[in-house]
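Text of work_31.txt, listed as compact mmCIF, C-alpha atoms:
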# COMPACT_ATOMS: atom_id res chain seq x y z
CA MET A 14 69.96 78.40 164.12
CA TRP A 15 73.03 79.04 161.99
CA GLN A 16 76.34 78.37 163.69
CA PRO A 17 79.77 78.43 162.09
CA ALA A 18 81.60 75.11 162.23
CA CYS A 19 84.75 73.62 160.80
CA ARG A 20 84.25 70.98 158.12
CA TRP A 21 84.78 68.07 160.53
CA HIS A 22 82.23 69.36 163.05
CA HIS A 23 79.75 70.00 160.25
CA ASP A 24 80.24 66.63 158.56
CA VAL A 25 80.43 64.51 161.71
CA VAL A 26 78.93 66.17 164.78
CA LYS A 27 76.19 68.32 163.25
CA GLN A 28 75.04 65.48 161.00
CA GLY A 29 74.87 63.15 164.01
CA LEU A 30 72.91 65.71 165.99
CA GLU A 31 70.48 66.14 163.09
CA ARG A 32 69.91 62.38 162.87
CA MET A 33 69.28 62.23 166.62
CA LEU A 34 66.86 65.18 166.38
CA ASP A 35 64.98 63.46 163.54
CA ARG A 36 64.60 60.33 165.71
CA GLY A 37 63.25 62.44 168.59
CA GLU A 38 66.27 61.79 170.82
CA LEU A 39 67.20 65.48 171.17
CA MET A 40 65.50 68.81 171.58
CA THR A 41 66.20 71.80 169.35
CA ALA A 42 68.39 73.41 172.06
CA ASP A 43 70.72 70.38 171.86
CA MET A 44 71.69 71.32 168.29
CA TRP A 45 74.28 73.90 169.38
CA LEU A 46 77.87 72.68 169.20
CA ASP A 47 78.45 73.54 172.86
CA SER A 48 75.51 71.43 174.10
CA ALA A 49 76.20 68.36 176.22
CA ALA A 50 75.00 66.11 173.38
CA ALA A 51 77.36 67.77 170.89
CA VAL A 52 80.30 67.51 173.28
CA ARG A 53 79.59 63.78 173.79
CA LEU A 54 79.41 63.21 170.02
CA THR A 55 82.60 65.20 169.50
CA MET A 56 84.54 63.22 172.10
CA ALA A 57 83.18 59.91 170.83
CA ASN A 58 84.10 60.66 167.23
CA LEU A 59 87.42 62.43 167.50
CA PRO A 60 89.95 60.87 165.16
CA LEU A 61 92.90 59.20 166.88
CA GLU A 62 95.18 61.48 164.91
CA ASP A 63 94.19 64.45 162.82
CA GLU A 64 95.94 65.87 159.78
CA GLY A 65 98.03 68.17 161.99
CA GLY A 66 99.39 65.23 163.97
CA CYS A 67 97.43 65.95 167.16
CA GLN A 68 96.45 62.84 169.08
CA LYS A 69 93.26 62.25 170.99
CA SER A 70 93.66 62.43 174.74
CA SER A 71 92.98 59.21 176.61
CA ASP A 72 91.51 61.32 179.44
CA ARG A 73 88.25 62.57 177.94
CA SER A 74 87.53 64.84 180.91
CA ARG A 75 90.36 67.10 179.77
CA GLY A 76 89.43 67.21 176.07
CA PRO A 77 91.65 66.48 173.09
CA ALA A 78 95.41 66.68 173.39
CA VAL A 79 96.96 69.53 171.45

Show the structure stored in the file as C-alpha cells.
Amino acid sequence: MWQPACRWHHDVVKQGLERMLDRGELMTADMWLDSAAAVRLTMANLPLEDEGGCQKSSDRSRGPAV
C-alpha cells in the first residue's frame, strides 16, 4: 500500500494512522491519505502557519486557507 506523501503528511498523518491501526482503531482501508480518518487527522494537526506563510482556515469544512 505505497502512497506518495509530502514529508509533513508522512511524519504526522501517516504515523498517526499507523498508531491507530496498531491499536485496532482503524481498518487497513483507512490507511489511505484520502480516507475519512486521514482527513480528520490532517485537519486536527495542521500547523497554524506553515513555512510558506499559509494560515489554517478557521472553517474546517472548507479545508486549509491558501

## Note on the structure
In Å and to one decimal, CA of Asp47 (chain A) is distant from CA of Ala18 (chain A) by 11.2 Å

### Message
Taking 6 positions as the minimum chain separation for residues in the same chain, which residues sit within 12 Å of Ser48 (chain A) when counting all atoms listed in the file? Answer as an MDAnalysis selection string.
### Response
chainID A and resid 26:27 30 39:42 54:55

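Across the model, the gap from CA of Val52 (chain A) to CA of Trp21 (chain A) is 13.5 Å.
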
### Polymer residues at most 10 Å from (85.7, 60.9, 157.6) by only C-alpha atoms, as an MDAnalysis selection string
chainID A and resid 21 24:25 58 60

## Note on the structure
CA of Gln28 (chain A) sits from CA of Trp45 (chain A) at a separation of 11.9 Å
